[in-house]
$ cat coords.txt   # compact mmCIF, C-alpha atoms
# COMPACT_ATOMS: atom_id res chain seq x y z
CA MET A 1 49.46 -37.75 -14.00
CA ARG A 2 46.71 -37.97 -11.39
CA PHE A 3 43.16 -37.71 -12.61
CA ALA A 4 41.31 -37.34 -9.34
CA THR A 5 41.06 -36.43 -5.70
CA ALA A 6 38.95 -38.13 -3.04
CA THR A 7 37.55 -37.52 0.40
CA ALA A 8 38.03 -39.93 3.26
CA ALA A 9 36.12 -43.18 3.23
CA ARG A 10 32.80 -43.47 5.01
CA GLU A 11 32.37 -46.94 6.46
CA PHE A 12 29.16 -48.74 7.32
CA PRO A 13 30.10 -51.78 9.45
CA ALA A 14 27.55 -54.49 10.01
CA VAL A 15 27.06 -56.47 13.19
CA PRO A 16 28.33 -60.06 12.86
CA LEU A 17 25.69 -62.77 12.93
CA ASP A 18 25.13 -64.43 16.32
CA SER A 19 25.93 -67.80 14.78
CA ALA A 20 29.46 -66.63 13.98
CA PRO A 21 30.81 -64.61 16.92
CA ARG A 22 34.39 -65.09 15.73
CA ALA A 23 33.65 -63.91 12.23
CA LEU A 24 36.39 -62.02 10.46
CA PRO A 25 35.86 -58.29 10.12
CA ALA A 26 33.80 -57.25 7.10
CA VAL A 27 32.88 -53.71 6.23
CA ARG A 28 31.07 -51.94 3.42
CA GLY A 29 31.52 -48.29 2.67
CA GLU A 30 31.88 -45.65 0.02
CA ILE A 31 34.17 -42.80 -0.90
CA GLU A 32 33.22 -39.55 -2.56
CA LEU A 33 35.59 -38.44 -5.27
CA ARG A 34 36.06 -36.00 -8.10
CA LEU A 35 37.34 -37.74 -11.16
CA ALA A 36 38.69 -36.09 -14.30
CA MET A 37 37.35 -38.65 -16.75
CA ARG A 38 39.15 -39.25 -20.00
CA HIS A 39 36.11 -38.70 -22.24
CA ALA A 40 33.68 -36.80 -20.02
CA GLY A 41 35.51 -34.16 -18.01
CA GLU A 42 35.46 -33.78 -14.23
CA ARG A 43 32.69 -35.60 -12.38
CA SER A 44 31.65 -36.04 -8.76
CA LEU A 45 31.16 -39.72 -8.02
CA ARG A 46 30.75 -42.27 -5.26
CA LEU A 47 32.72 -45.50 -5.19
CA ARG A 48 31.34 -48.35 -3.09
CA TYR A 49 33.49 -51.13 -1.67
CA GLU A 50 33.54 -54.16 0.61
CA LEU A 51 36.59 -55.25 2.61
CA VAL A 52 36.72 -58.63 4.36
CA GLY A 53 39.49 -60.13 6.49
CA ALA A 54 41.91 -59.45 9.31
CA ALA A 55 43.41 -55.96 9.32
CA GLU A 56 46.98 -57.28 9.34
CA ALA A 57 46.52 -59.62 6.38
CA PRO A 58 47.90 -58.77 2.92
CA VAL A 59 45.23 -57.18 0.72
CA VAL A 60 44.08 -58.73 -2.55
CA LEU A 61 41.68 -56.78 -4.75
CA VAL A 62 39.28 -59.02 -6.69
CA ALA A 63 37.40 -57.59 -9.68
CA GLY A 64 35.17 -59.39 -12.16
CA GLY A 65 33.29 -58.72 -15.37
CA ILE A 66 30.90 -55.83 -15.93
CA SER A 67 28.19 -57.74 -14.04
CA ALA A 68 30.37 -58.18 -10.94
CA HIS A 69 30.21 -55.96 -7.87
CA ARG A 70 31.79 -55.29 -4.49
CA HIS A 71 30.38 -58.43 -2.83
CA VAL A 72 32.75 -61.17 -3.96
CA ALA A 73 31.47 -63.96 -1.69
CA ALA A 74 29.20 -64.56 1.28
CA ASN A 75 30.68 -64.04 4.73
CA ALA A 76 29.37 -64.12 8.27
CA VAL A 77 28.56 -60.40 8.20
CA PHE A 78 27.11 -60.08 4.68
CA ASP A 79 25.70 -63.52 4.03
CA GLU A 80 24.09 -63.06 0.62
CA LYS A 81 25.63 -64.93 -2.29
CA GLY A 82 28.50 -63.16 -4.02
CA TRP A 83 29.49 -63.18 -7.68
CA ALA A 84 32.53 -65.47 -7.17
CA GLU A 85 31.43 -67.88 -4.44
CA GLY A 86 33.51 -70.85 -5.57
CA LEU A 87 36.76 -68.90 -5.54
CA VAL A 88 36.66 -67.71 -1.93
CA GLY A 89 36.79 -69.83 1.22
CA VAL A 90 38.86 -71.53 3.87
CA GLY A 91 41.84 -73.27 2.31
CA ARG A 92 41.45 -71.40 -0.96
CA ALA A 93 44.01 -68.98 -2.38
CA LEU A 94 41.40 -66.30 -1.65
CA ASP A 95 40.96 -67.33 1.97
CA PRO A 96 39.78 -64.34 4.04
CA GLN A 97 41.58 -65.82 7.04
CA ARG A 98 44.89 -65.32 5.24
CA ARG A 99 44.11 -62.55 2.76
CA ARG A 100 42.11 -59.37 3.20
CA LEU A 101 39.79 -59.26 0.20
CA LEU A 102 38.75 -55.96 -1.34
CA GLY A 103 35.89 -55.68 -3.83
CA PHE A 104 34.33 -52.58 -5.38
CA ASP A 105 31.51 -51.49 -7.65
CA PHE A 106 32.77 -50.17 -10.96
CA ILE A 107 32.04 -46.52 -11.53
CA GLY A 108 28.92 -46.40 -13.70
CA ALA A 109 27.58 -49.65 -12.25
CA ASP A 110 24.68 -47.84 -10.59
CA GLY A 111 23.43 -46.55 -13.95
CA GLU A 112 23.66 -42.91 -12.87
CA LEU A 113 26.71 -42.04 -14.99
CA ASP A 114 25.55 -41.72 -18.59
CA VAL A 115 28.88 -40.83 -20.25
CA PRO A 116 31.72 -42.81 -21.89
CA ILE A 117 33.76 -44.57 -19.20
CA ASP A 118 37.37 -45.56 -19.82
CA THR A 119 39.17 -48.38 -18.03
CA ALA A 120 41.73 -45.72 -17.06
CA ASP A 121 38.96 -43.91 -15.17
CA GLN A 122 38.25 -47.10 -13.22
CA ALA A 123 41.94 -47.52 -12.37
CA GLU A 124 42.22 -43.96 -11.06
CA ALA A 125 39.14 -44.55 -8.92
CA VAL A 126 40.78 -47.68 -7.48
CA ALA A 127 43.94 -45.73 -6.61
CA LEU A 128 41.82 -43.19 -4.76
CA LEU A 129 40.01 -45.98 -2.94
CA LEU A 130 43.35 -47.37 -1.76
CA ASP A 131 44.32 -43.88 -0.57
CA ALA A 132 41.09 -43.50 1.37
CA LEU A 133 41.46 -46.92 3.00
CA GLY A 134 45.12 -46.35 3.89
CA ILE A 135 46.29 -49.27 1.72
CA GLU A 136 49.72 -48.38 0.42
CA ARG A 137 50.19 -51.49 -1.72
CA LEU A 138 48.10 -54.44 -2.77
CA HIS A 139 49.66 -57.87 -2.39
CA GLY A 140 47.73 -58.86 -5.47
CA TYR A 141 45.13 -57.69 -7.95
CA VAL A 142 43.06 -60.52 -9.41
CA GLY A 143 41.00 -59.40 -12.37
CA TYR A 144 38.63 -61.42 -14.48
CA SER A 145 37.36 -60.18 -17.86
CA TYR A 146 36.66 -56.43 -17.47
CA GLY A 147 38.37 -56.50 -14.09
CA ALA A 148 41.55 -57.65 -15.80
CA LEU A 149 41.45 -54.60 -18.09
CA VAL A 150 41.14 -52.28 -15.09
CA GLY A 151 44.04 -54.10 -13.42
CA MET A 152 46.29 -53.47 -16.42
CA GLN A 153 45.49 -49.77 -16.29
CA LEU A 154 46.24 -49.69 -12.56
CA ALA A 155 49.57 -51.44 -13.15
CA ILE A 156 50.52 -48.84 -15.77
CA ARG A 157 49.41 -45.76 -13.83
CA HIS A 158 50.28 -46.83 -10.30
CA PRO A 159 52.83 -49.67 -10.47
CA ARG A 160 53.90 -49.13 -6.86
CA ARG A 161 50.36 -49.82 -5.65
CA LEU A 162 50.40 -53.54 -6.49
CA HIS A 163 52.90 -56.35 -6.04
CA ARG A 164 51.43 -58.70 -8.64
CA LEU A 165 48.70 -58.70 -11.26
CA VAL A 166 46.68 -61.74 -12.29
CA ALA A 167 44.71 -61.07 -15.48
CA VAL A 168 42.21 -63.76 -16.45
CA SER A 169 40.45 -63.63 -19.83
CA GLY A 170 41.31 -59.99 -20.44
CA ALA A 171 43.63 -58.59 -23.11
CA HIS A 172 45.36 -55.32 -23.96
CA ARG A 173 42.74 -54.53 -26.59
CA PRO A 174 39.30 -55.85 -27.56
CA HIS A 175 39.14 -58.33 -30.40
CA PRO A 176 37.12 -56.95 -33.37
CA TYR A 177 34.88 -60.03 -33.32
CA ALA A 178 34.01 -59.44 -29.68
CA SER A 179 33.43 -55.74 -30.27
CA ALA A 180 31.00 -56.62 -33.05
CA TRP A 181 29.08 -58.89 -30.65
CA ARG A 182 28.83 -56.11 -28.09
CA ALA A 183 27.78 -53.54 -30.70
CA LEU A 184 24.86 -55.76 -31.71
CA GLN A 185 23.92 -56.27 -28.08
CA ARG A 186 23.80 -52.53 -27.55
CA ARG A 187 21.63 -52.20 -30.69
CA ALA A 188 19.23 -54.73 -29.18
CA VAL A 189 18.90 -52.46 -26.15
CA ALA A 190 18.39 -49.42 -28.40
CA LEU A 191 15.66 -51.24 -30.32
CA GLY A 192 13.91 -52.03 -27.04
CA GLN A 193 14.14 -48.37 -26.03
CA LEU A 194 12.54 -47.30 -29.31
CA GLN A 195 9.66 -49.67 -28.54
CA CYS A 196 9.37 -48.39 -24.94
CA ALA A 197 10.49 -51.81 -23.72
CA GLU A 198 14.13 -51.31 -22.80
CA THR A 199 14.17 -54.20 -20.34
CA HIS A 200 13.17 -56.56 -23.16
CA GLY A 201 16.09 -55.20 -25.19
CA LEU A 202 18.44 -55.66 -22.24
CA ALA A 203 17.24 -59.24 -21.74
CA LEU A 204 17.89 -59.98 -25.42
CA ALA A 205 21.35 -58.42 -25.18
CA ARG A 206 22.13 -60.69 -22.21
CA GLN A 207 20.93 -63.73 -24.13
CA PHE A 208 23.25 -62.83 -27.01
CA ALA A 209 26.03 -62.43 -24.46
CA MET A 210 25.49 -65.94 -23.07
CA LEU A 211 26.09 -67.34 -26.54
CA SER A 212 29.39 -65.49 -26.72
CA TYR A 213 30.48 -66.43 -23.19
CA ARG A 214 29.90 -70.16 -23.57
CA THR A 215 30.94 -72.63 -26.30
CA PRO A 216 29.13 -74.73 -28.91
CA GLU A 217 30.51 -77.81 -27.12
CA GLU A 218 28.71 -76.94 -23.90
CA PHE A 219 25.45 -76.19 -25.71
CA GLY A 220 25.82 -79.48 -27.59
CA GLU A 221 26.02 -81.39 -24.31
CA ARG A 222 23.31 -79.51 -22.42
CA PHE A 223 20.68 -78.80 -25.05
CA ASP A 224 20.83 -81.66 -27.52
CA ALA A 225 17.09 -82.29 -27.57
CA ALA A 226 14.50 -82.09 -30.29
CA PRO A 227 12.56 -78.82 -30.56
CA GLU A 228 8.95 -78.61 -29.42
CA VAL A 229 5.95 -76.92 -30.95
CA VAL A 230 4.42 -74.64 -28.29
CA ASN A 231 1.34 -72.58 -29.11
CA GLY A 232 2.01 -73.03 -32.79
CA ARG A 233 5.67 -71.89 -32.53
CA VAL A 234 8.85 -73.95 -32.58
CA ARG A 235 10.83 -73.67 -29.35
CA VAL A 236 14.38 -75.05 -29.12
CA ALA A 237 15.90 -76.68 -26.05
CA ALA A 238 18.16 -73.77 -25.03
CA GLU A 239 15.41 -71.15 -24.88
CA ASP A 240 14.40 -71.79 -21.25
CA TYR A 241 18.01 -71.30 -20.20
CA LEU A 242 18.36 -68.12 -22.23
CA ASP A 243 15.06 -66.72 -20.96
CA ALA A 244 16.15 -67.31 -17.36
CA ALA A 245 19.52 -65.67 -17.98
CA GLY A 246 17.84 -62.61 -19.47
CA ALA A 247 15.32 -62.29 -16.65
CA GLN A 248 17.95 -62.61 -13.92
CA TYR A 249 20.13 -59.97 -15.55
CA VAL A 250 17.33 -57.46 -16.02
CA ALA A 251 16.34 -57.84 -12.36
CA ARG A 252 19.73 -56.63 -11.12
CA THR A 253 21.13 -54.38 -13.88
CA ARG A 254 20.35 -50.83 -14.91
CA VAL A 255 20.24 -50.29 -18.67
CA ASN A 256 22.67 -47.36 -18.62
CA ALA A 257 25.11 -49.37 -16.53
CA TYR A 258 25.11 -52.17 -19.07
CA LEU A 259 25.49 -49.85 -22.06
CA ARG A 260 28.28 -47.72 -20.64
CA LEU A 261 30.32 -50.60 -19.22
CA SER A 262 29.92 -52.56 -22.45
CA GLU A 263 31.27 -49.52 -24.33
CA SER A 264 34.11 -49.27 -21.82
CA ILE A 265 35.39 -52.69 -22.87
CA ASP A 266 35.58 -51.49 -26.47
CA LEU A 267 37.37 -48.26 -25.50
CA HIS A 268 40.15 -50.21 -23.77
CA ARG A 269 43.61 -49.94 -25.33
CA ILE A 270 46.96 -50.27 -23.56
CA ASP A 271 50.57 -50.93 -24.53
CA PRO A 272 51.66 -54.13 -22.75
CA ALA A 273 55.22 -52.83 -22.62
CA ALA A 274 54.01 -50.06 -20.30
CA ILE A 275 53.13 -52.57 -17.57
CA ASP A 276 56.02 -52.74 -15.10
CA VAL A 277 54.45 -55.17 -12.64
CA PRO A 278 54.87 -58.98 -12.64
CA THR A 279 51.78 -60.22 -14.46
CA LEU A 280 50.28 -63.67 -14.79
CA VAL A 281 47.95 -63.93 -17.78
CA VAL A 282 45.38 -66.74 -17.78
CA ALA A 283 43.80 -67.70 -21.11
CA VAL A 284 41.03 -70.13 -21.94
CA GLU A 285 41.31 -72.13 -25.11
CA GLY A 286 38.02 -71.70 -26.93
CA ASP A 287 37.20 -68.28 -25.45
CA ARG A 288 35.61 -66.52 -28.41
CA LEU A 289 35.59 -63.08 -26.78
CA VAL A 290 39.24 -63.04 -25.71
CA PRO A 291 41.09 -65.42 -28.05
CA LEU A 292 44.22 -67.22 -26.95
CA SER A 293 46.18 -65.51 -29.74
CA ASP A 294 45.47 -62.07 -28.23
CA LEU A 295 46.68 -63.18 -24.82
CA VAL A 296 49.84 -64.65 -26.33
CA SER A 297 50.45 -61.23 -27.90
CA LEU A 298 49.85 -59.60 -24.51
CA VAL A 299 52.41 -61.84 -22.80
CA GLU A 300 54.94 -61.27 -25.58
CA GLY A 301 54.51 -57.52 -25.06
CA LEU A 302 55.04 -57.91 -21.32
CA GLY A 303 58.46 -59.48 -21.90
CA THR A 304 60.15 -60.84 -18.80
CA ARG A 305 57.39 -59.42 -16.59
CA GLY A 306 54.73 -61.71 -18.06
CA SER A 307 53.85 -65.39 -17.87
CA LEU A 308 50.97 -67.37 -19.36
CA ARG A 309 48.72 -70.21 -18.20
CA VAL A 310 46.24 -71.81 -20.59
CA LEU A 311 43.08 -73.67 -19.57
CA ARG A 312 41.06 -75.98 -21.76
CA SER A 313 37.41 -75.69 -20.83
CA PRO A 314 34.00 -76.09 -22.48
CA TYR A 315 32.86 -72.97 -20.59
CA GLY A 316 34.72 -70.48 -22.78
CA HIS A 317 34.83 -66.94 -21.41
CA ASP A 318 32.93 -68.03 -18.29
CA ALA A 319 35.55 -70.61 -17.33
CA PHE A 320 36.84 -68.49 -14.44
CA LEU A 321 33.42 -68.81 -12.78
CA LYS A 322 33.03 -72.53 -13.52
CA GLU A 323 36.54 -73.99 -13.27
CA THR A 324 36.99 -72.81 -9.70
CA ASP A 325 39.37 -75.54 -8.55
CA ARG A 326 41.69 -75.01 -11.49
CA ILE A 327 41.64 -71.24 -11.10
CA ASP A 328 42.28 -71.63 -7.38
CA ALA A 329 45.39 -73.73 -8.04
CA ILE A 330 46.72 -71.01 -10.33
CA LEU A 331 46.01 -68.28 -7.79
CA ALA A 332 47.62 -70.28 -4.98
CA ASN A 333 50.96 -70.09 -6.76
CA ALA A 334 50.53 -66.53 -7.95
CA LEU A 335 49.56 -65.09 -4.55
CA SER A 336 51.79 -67.14 -2.24
CA LEU A 337 53.87 -65.34 0.36
CA PRO A 338 57.48 -66.17 1.34
CA GLY A 339 57.51 -69.32 3.44
CA GLU A 340 53.95 -70.17 2.45
CA THR A 341 53.17 -73.38 0.55
CA ALA A 342 50.69 -73.11 -2.31

$ encode --input "coords.txt" --output "structure tokens"
Amino acid sequence: MRFATATAAREFPAVPLDSAPRALPAVRGEIELRLAMRHAGERSLRLRYELVGAAEAPVVLVAGGISAHRHVAANAVFDEKGWAEGLVGVGRALDPQRRRLLGFDFIGADGELDVPIDTADQAEAVALLLDALGIERLHGYVGYSYGALVGMQLAIRHPRRLHRLVAVSGAHRPHPYASAWRALQRRAVALGQLQCAETHGLALARQFAMLSYRTPEEFGERFDAAPEVVNGRVRVAAEDYLDAAGAQYVARTRVNAYLRLSESIDLHRIDPAAIDVPTLVVAVEGDRLVPLSDLVSLVEGLGTRGSLRVLRSPYGHDAFLKETDRIDAILANALSLPGETA
């Protein structure tokens, strides 16, 4: 069943920098679509994307957590820092000289869509984006966290649109412990709104999130210092880090975007047996949001179509952004082409 229709893509190419006259093509654009959303009826939306790499190269879609966006990594055309810098580059599995990399902004990421958003809605939007760009089939879909959930939905609804799925730190359902964390984070935002200080609530929600993304082991190594008394109040060593994380997040995130995409994680439910695409699942031992046990269950449900890799890392749920060399080695095998050495 198709949920949506879309118009043709509108592209906004940039002029390559003078310092890189041989830069690979990079384009940003958007499509206008009408999407029959699972929980909110039919909506008119815009989906923004970025596509980098040679036109003849196999396409890999890269999607991250709810804070990620269409700009995966800096390139000669769009040189600002991307959300996954360490995973993209010459010689990497995600090398834009050998792979055409597609990134997109999740629907709702601009904060304009104040309705429940399902991961199935995101997957249907992706299928329409591929239609508009004339991409019949992805060589690979690499999804981290929320992006992995969207990838599973795409594999179920449009299995012919992707050759292989790599799902990192994302399961077939949210763990109740993680859902409880997110519910409290959303309450922090609501409390800020009641006090006419919603950005303070959003900053606090992000600070709570950092505690769930990382591990006690990392905090033990980084912040094992005695507290200080500042202006008559006790301040612990991790507070500067948490304050900076909150401030950075508030500067780039709309409150509605955070709330609705956080809810979307908790709405996610799929039957692993419905995925008919070869799927590599990557788990992180010590990830408190997406426990290893849930990802083992996911792989068991996938049957012969699924395989599992497990990382040990002090970075917990954020390991895919920190353990870039180890993730790259996994992707090199998963995304290799015939005759190509990983």

$ atom_distance --input "coords.txt" --atom1 "atom CA of Leu298 of chain A" --atom2 "atom CA of Arg38 of chain A"
23.4 Å

$ atom_distance --input "coords.txt" --atom1 "atom CA of Ala76 of chain A" --atom2 "atom CA of Leu24 of chain A"
7.6 Å

$ residues_around --input "coords.txt" --residues "segment 311-320 of chain A" --least-positions-apart "3" --cutoff "9 Å" --atoms "all atoms listed in the file" --output "number ranges by chain"
A: 84, 87, 144-145, 168-169, 212-218, 282-290, 323-324, 326-327

$ closest_residue --input "coords.txt" --among "A:Ala55, A:Ile117, A:Ala74, A:Leu261" --to "Arg43 of chain A" --atoms "all atoms listed in the file"
A:Ile117

$ closest_atom_pairs --input "coords.txt" --of "segment 271-336 of chain A" --to "segment 91-102 of chain A" --cutoff "6 Å" --atoms "all atoms listed in the file" --output "JSON lines"
{"residue": "A:Asp328", "atom": "CA", "partner": "A:Ala93", "partner_atom": "CA", "distance": 5.9}
{"residue": "A:Leu331", "atom": "CA", "partner": "A:Ala93", "partner_atom": "CA", "distance": 5.8}
{"residue": "A:Ala332", "atom": "CA", "partner": "A:Ala93", "partner_atom": "CA", "distance": 4.6}

$ residues_around --input "coords.txt" --residues "Ala273 of chain A" --least-positions-apart "5" --cutoff "9 Å" --atoms "only C-alpha atoms" --output "PyMOL selection string"
chain A and resi 298+300-303

$ write_last_selection --input "coords.txt" --atoms "C-alpha atoms" --output "compact mmCIF listing (two decimals), in the coordinates of the input"
# COMPACT_ATOMS: atom_id res chain seq x y z
CA LEU A 298 49.85 -59.60 -24.51
CA GLU A 300 54.94 -61.27 -25.58
CA GLY A 301 54.51 -57.52 -25.06
CA LEU A 302 55.04 -57.91 -21.32
CA GLY A 303 58.46 -59.48 -21.90

$ residues_near_point --input "coords.txt" --point "(17.6, -66.2, -19.0)" --cutoff "12 Å" --atoms "only C-alpha atoms" --output "ChimeraX atom specification"
/A:200,202-211,238-251

$ residues_around --input "coords.txt" --residues "Glu263 of chain A" --least-positions-apart "6" --cutoff "9 Å" --atoms "only C-alpha atoms" --output "JSON, numbers by chain"
{"A": [116, 117, 118, 179, 182, 183, 186]}

$ residues_around --input "coords.txt" --residues "His139 of chain A" --least-positions-apart "4" --cutoff "7 Å" --atoms "only C-alpha atoms" --output "list in words"
Pro58, Val59, Val60, Leu162, His163 and Arg164 of chain A
